[in-house]
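In what follows, a structure is listed as structure tokens, so that the remarks can point back to it.
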Amino acid sequence: MGQYSIEPLFLKSSGETLGADFYRPAKVRKPAVIIMAHGFAGERKFSLPDTATAFAEAGYAVILFDYRGFGGSTGKPRELVSAPNHVADWKAVLGQVKKRKDVDTSRIVLWGMSMSGGHVITTAAREKGIAAIIGLVPHVDGFASAMMYPKHLLPRATALALQDLAGSKIGRDPVRIPVVAEQGVRCLTGDDCYEGYMQMVPKGSSWVGLVPARIIITINQYRPTKEAARVPCPALIFAAQEDSLIPLSATRKAAAKIKQVEYLEWPIGHFDLLQGRWFEEGIRVQLAFLKKHIG
């Protein structure tokens with residue numbers, strides 16, 4: 001395996017400072033660079049270092065960042081899940097990476113999982129200079145995903161979301177709900193979500209897992225599938241046939257719109273590509289895709 005170093009990096013977005021890690025492969029002059037960020041309410045330390053390490057060992061530079069309000073980044077309210085803010089952070093990071101002299105800016109790859117899988121589709125559709133994208137179980141249609149939310153939880157969840165949204169207009173502190181929980185109102189409600197999500201959180205993390213409730217409403221409006229046809233670069237999309245959060249039909253439709261897509265469906269759940277057998281197999285496929293399209 002190739003050697004690499006990890007350096008702290010601080011990026012700017014909308015006046016905030018984004019904490020990031022720069023994985024620099026040794027003995028590779030101006031490597032291709034992969035930009036990575038997490039999915040719904042995730043921080044960059046949640047399982048993603050394993051993927052970043054695999055890429056760095058293969059000779060690719062990696063910039064792994066936290067969104068504003070998360071992890072090592074500044075920004076308030078903390079832990080606000082906001083697709084517009086996240087996409088703006090992706091754009092800002094991309095712009096700064098394009099100015100770097102120590103990476104090959106003609107070979108920039110965007111990598112996302114779940115909600116950030118949607119962000120890389122959106123960003124690739126809107127911005128120039130992206131060589132390829134990789135999306136693992138991408139969030140492609142907020143409206144379709146909302147249809148999977150348990151009906152018995154919806155009235156209370158909606159009430160909390162409306163209360164939070166109204167309060168945000170007059171400067172009140174957010175009304176928060178859990179990202180995952182074993183019961184009750186929460187954001188991610190699939191049977192595998194509590195265990196799958198908590199396995200990502202490293203021991204000793206200060207992550208609380210409570211986000212402003214408005215996301216229950218605002219996520220419906222985020223539909224990367226509407227922009228998928230404008231993605232001009234090669235795309236590798238993984239879909240999980242047993243996904244409890246992302247409707248398989250929505251992923252199929254979005255992937256079919258991308259002109260240069262390599263689409264895979266595996267008999268897995270939403271979190272399975274982050275560990276164990278499926279992580280290893282997923283990395284193998286991703287590295288083959290990268291070698292094919294960016295060398």
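Identifiers in the structure tokens: chain A, B, ... in order shown; residue index from 1 per chain; ligand index from 1 in order shown.
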Each residue of range 188-254 of chain A lying at most 12 Å from range 78-88 of chain A should get a row with its shortest atom-to-atom pair and the distance in Å to one decimal, counting only C-alpha atoms; could you produce that, ordered by chain and increasing number, as CSV?
residue,atom,partner,partner_atom,distance
A:Trp207,CA,A:Glu79,CA,9.3
A:Val208,CA,A:Glu79,CA,9.2
A:Gly209,CA,A:Glu79,CA,8.1
A:Leu210,CA,A:Glu79,CA,7.3
A:Val211,CA,A:Glu79,CA,5.4
A:Pro212,CA,A:Leu80,CA,5.8
A:Ala213,CA,A:Leu80,CA,8.9
A:Arg214,CA,A:Val81,CA,8.7
A:Ile215,CA,A:Val81,CA,6.3
A:Ile216,CA,A:Val81,CA,9.8
A:Ile217,CA,A:Ser82,CA,10.9
A:Thr218,CA,A:Ser82,CA,7.8
A:Ile219,CA,A:Ala83,CA,7.4
A:Asn220,CA,A:Ala83,CA,10.4
A:Gln221,CA,A:Ala83,CA,9.1
A:Tyr222,CA,A:Ala83,CA,6.8
A:Arg223,CA,A:Ala83,CA,9.8
A:Pro224,CA,A:Ala83,CA,10.1
Once you have the residues from the selection above, write them out as an mmCIF file, in the first residue's frame, restricted to N, CA and C atoms.
data_model
loop_
_atom_site.group_PDB
_atom_site.id
_atom_site.type_symbol
_atom_site.label_atom_id
_atom_site.label_comp_id
_atom_site.auth_asym_id
_atom_site.auth_seq_id
_atom_site.Cartn_x
_atom_site.Cartn_y
_atom_site.Cartn_z
ATOM 1 N N TRP A 207 -20.431 14.278 19.439
ATOM 2 C CA TRP A 207 -21.652 14.411 18.641
ATOM 3 C C TRP A 207 -22.873 14.076 19.480
ATOM 4 N N VAL A 208 -23.861 14.962 19.470
ATOM 5 C CA VAL A 208 -25.067 14.782 20.276
ATOM 6 C C VAL A 208 -26.176 14.109 19.474
ATOM 7 N N GLY A 209 -26.233 14.400 18.189
ATOM 8 C CA GLY A 209 -27.233 13.746 17.349
ATOM 9 C C GLY A 209 -28.611 14.346 17.415
ATOM 10 N N LEU A 210 -28.685 15.650 17.687
ATOM 11 C CA LEU A 210 -29.959 16.373 17.693
ATOM 12 C C LEU A 210 -29.879 17.495 16.675
ATOM 13 N N VAL A 211 -30.807 17.529 15.735
ATOM 14 C CA VAL A 211 -30.766 18.520 14.661
ATOM 15 C C VAL A 211 -32.038 19.360 14.674
ATOM 16 N N PRO A 212 -31.969 20.597 14.157
ATOM 17 C CA PRO A 212 -33.179 21.412 14.044
ATOM 18 C C PRO A 212 -34.268 20.676 13.266
ATOM 19 N N ALA A 213 -35.468 20.662 13.834
ATOM 20 C CA ALA A 213 -36.552 19.824 13.307
ATOM 21 C C ALA A 213 -37.048 20.252 11.942
ATOM 22 N N ARG A 214 -36.717 21.461 11.504
ATOM 23 C CA ARG A 214 -37.232 21.960 10.219
ATOM 24 C C ARG A 214 -36.874 21.051 9.047
ATOM 25 N N ILE A 215 -35.823 20.242 9.198
ATOM 26 C CA ILE A 215 -35.399 19.381 8.098
ATOM 27 C C ILE A 215 -36.500 18.405 7.686
ATOM 28 N N ILE A 216 -37.399 18.062 8.601
ATOM 29 C CA ILE A 216 -38.503 17.155 8.272
ATOM 30 C C ILE A 216 -39.333 17.721 7.120
ATOM 31 N N ILE A 217 -39.434 19.051 7.062
ATOM 32 C CA ILE A 217 -40.192 19.711 5.995
ATOM 33 C C ILE A 217 -39.297 20.064 4.815
ATOM 34 N N THR A 218 -38.135 20.645 5.099
ATOM 35 C CA THR A 218 -37.311 21.194 4.013
ATOM 36 C C THR A 218 -36.681 20.118 3.140
ATOM 37 N N ILE A 219 -36.468 18.919 3.682
ATOM 38 C CA ILE A 219 -35.844 17.863 2.885
ATOM 39 C C ILE A 219 -36.709 17.474 1.694
ATOM 40 N N ASN A 220 -38.020 17.662 1.820
ATOM 41 C CA ASN A 220 -38.922 17.299 0.723
ATOM 42 C C ASN A 220 -38.633 18.085 -0.545
ATOM 43 N N GLN A 221 -38.090 19.290 -0.361
ATOM 44 C CA GLN A 221 -37.862 20.180 -1.496
ATOM 45 C C GLN A 221 -36.545 19.901 -2.214
ATOM 46 N N TYR A 222 -35.725 19.034 -1.640
ATOM 47 C CA TYR A 222 -34.409 18.779 -2.226
ATOM 48 C C TYR A 222 -34.478 17.549 -3.119
ATOM 49 N N ARG A 223 -34.387 17.784 -4.439
ATOM 50 C CA ARG A 223 -34.591 16.708 -5.405
ATOM 51 C C ARG A 223 -33.487 16.726 -6.476
ATOM 52 N N PRO A 224 -32.297 16.213 -6.142
ATOM 53 C CA PRO A 224 -31.203 16.178 -7.112
ATOM 54 C C PRO A 224 -31.555 15.484 -8.417
#
Rows by chain and residue number, range 137-235 of chain A within 12 Å of range 246-260 of chain A, shortest pair, only C-alpha atoms, as a tab-separated table:
residue	atom	partner	partner_atom	distance
A:Val137	CA	A:Ile246	CA	7.2
A:Pro138	CA	A:Thr251	CA	7.3
A:His139	CA	A:Ile246	CA	6.2
A:Val140	CA	A:Thr251	CA	6.3
A:Asp141	CA	A:Ala250	CA	6.6
A:Gly142	CA	A:Ile246	CA	8.9
A:Phe143	CA	A:Ala250	CA	9.8
A:Ala144	CA	A:Pro247	CA	6.8
A:Ser145	CA	A:Ile246	CA	5.7
A:Ala146	CA	A:Ile246	CA	9.3
A:Met147	CA	A:Pro247	CA	9.0
A:Met148	CA	A:Pro247	CA	7.9
A:Tyr149	CA	A:Ile246	CA	10.7
A:Leu188	CA	A:Ile246	CA	10.7
A:Thr189	CA	A:Ile246	CA	11.6
A:Gly190	CA	A:Ile246	CA	10.1
A:Arg223	CA	A:Ala254	CA	9.7
A:Pro224	CA	A:Ala254	CA	8.0
A:Thr225	CA	A:Ala254	CA	4.8
A:Lys226	CA	A:Ala254	CA	7.9
A:Glu227	CA	A:Ala254	CA	8.7
A:Ala228	CA	A:Ile258	CA	5.6
A:Ala229	CA	A:Lys257	CA	4.7
A:Arg230	CA	A:Ile258	CA	7.3
A:Val231	CA	A:Ile258	CA	6.0
A:Pro232	CA	A:Lys259	CA	7.0
A:Cys233	CA	A:Gln260	CA	6.4
A:Pro234	CA	A:Gln260	CA	4.7
A:Ala235	CA	A:Gln260	CA	6.1
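The spacing separating CA of Gly171 in chain A from CA of Thr158 in chain A amounts to 19.9 Å.
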Write out as a ChimeraX atom specification all residues of range 167-290 of chain A that backbone DSSP assigns to strand (DSSP E or B).
/A:176-178,210-212,235-240,261-266
Output of the above residues as a compact mmCIF listing (two decimals), in the first residue's frame, restricted to N, CA and C atoms:
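As written to disk, result_14.txt reads:
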# COMPACT_ATOMS: atom_id res chain seq x y z
N ARG A 176 -35.22 20.82 18.45
CA ARG A 176 -34.40 19.74 17.91
C ARG A 176 -35.06 18.37 18.06
N ILE A 177 -34.72 17.50 17.12
CA ILE A 177 -35.16 16.10 17.18
C ILE A 177 -33.96 15.20 16.91
N PRO A 178 -34.00 13.95 17.36
CA PRO A 178 -32.86 13.06 17.14
C PRO A 178 -32.67 12.71 15.66
N LEU A 210 -28.69 15.65 17.69
CA LEU A 210 -29.96 16.37 17.69
C LEU A 210 -29.88 17.49 16.67
N VAL A 211 -30.81 17.53 15.74
CA VAL A 211 -30.77 18.52 14.66
C VAL A 211 -32.04 19.36 14.67
N PRO A 212 -31.97 20.60 14.16
CA PRO A 212 -33.18 21.41 14.04
C PRO A 212 -34.27 20.68 13.27
N ALA A 235 -20.12 8.98 -13.94
CA ALA A 235 -20.66 8.85 -12.58
C ALA A 235 -20.77 7.38 -12.22
N LEU A 236 -20.34 7.05 -11.02
CA LEU A 236 -20.51 5.72 -10.46
C LEU A 236 -21.56 5.81 -9.36
N ILE A 237 -22.67 5.11 -9.52
CA ILE A 237 -23.77 5.17 -8.58
C ILE A 237 -24.04 3.78 -8.01
N PHE A 238 -24.01 3.68 -6.68
CA PHE A 238 -24.36 2.44 -5.99
C PHE A 238 -25.76 2.58 -5.41
N ALA A 239 -26.61 1.59 -5.62
CA ALA A 239 -27.93 1.55 -4.99
C ALA A 239 -28.03 0.31 -4.11
N ALA A 240 -28.76 0.46 -2.99
CA ALA A 240 -28.96 -0.65 -2.07
C ALA A 240 -30.38 -1.19 -2.24
N VAL A 261 -23.21 7.03 -16.93
CA VAL A 261 -23.37 6.42 -15.62
C VAL A 261 -22.93 4.96 -15.61
N GLU A 262 -22.31 4.56 -14.53
CA GLU A 262 -22.08 3.15 -14.22
C GLU A 262 -22.90 2.88 -12.96
N TYR A 263 -23.94 2.09 -13.11
CA TYR A 263 -24.94 1.92 -12.06
C TYR A 263 -24.91 0.50 -11.53
N LEU A 264 -24.84 0.37 -10.20
CA LEU A 264 -24.79 -0.93 -9.57
C LEU A 264 -25.87 -1.03 -8.50
N GLU A 265 -26.57 -2.16 -8.47
CA GLU A 265 -27.52 -2.48 -7.40
C GLU A 265 -27.01 -3.70 -6.66
N TRP A 266 -26.85 -3.57 -5.36
CA TRP A 266 -26.37 -4.69 -4.56
C TRP A 266 -27.39 -5.05 -3.48
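Here the question is which of A:Leu160, A:Ile294, A:Met1, A:Leu9 gets nearest to Thr105 in chain A using only C-alpha atoms, and that residue is A:Ile294.
In this comparison, which uses only C-alpha atoms, the residue of A:Ser5, A:Gln241, A:Gln286, A:Thr51 approaching Ala132 in chain A most closely is A:Gln286.
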What are the closest atom pairs, with distances in Å to one decimal, for each residue of range 109-199 of chain A lying within 10 Å of range 13-36 of chain A, using only C-alpha atoms, rows by chain and rising residue number, as CSV?
residue,atom,partner,partner_atom,distance
A:Val109,CA,A:Ile34,CA,4.6
A:Leu110,CA,A:Ile35,CA,5.0
A:Trp111,CA,A:Met36,CA,4.9
A:Gly112,CA,A:Met36,CA,6.1
A:Met113,CA,A:Met36,CA,8.9
A:Ser116,CA,A:Met36,CA,8.5
A:Gly117,CA,A:Met36,CA,9.8
A:Val120,CA,A:Met36,CA,9.2
A:Ala131,CA,A:Ala32,CA,9.6
A:Ala132,CA,A:Ile34,CA,9.3
A:Ile133,CA,A:Ile34,CA,9.0
A:Ile134,CA,A:Ile34,CA,9.6
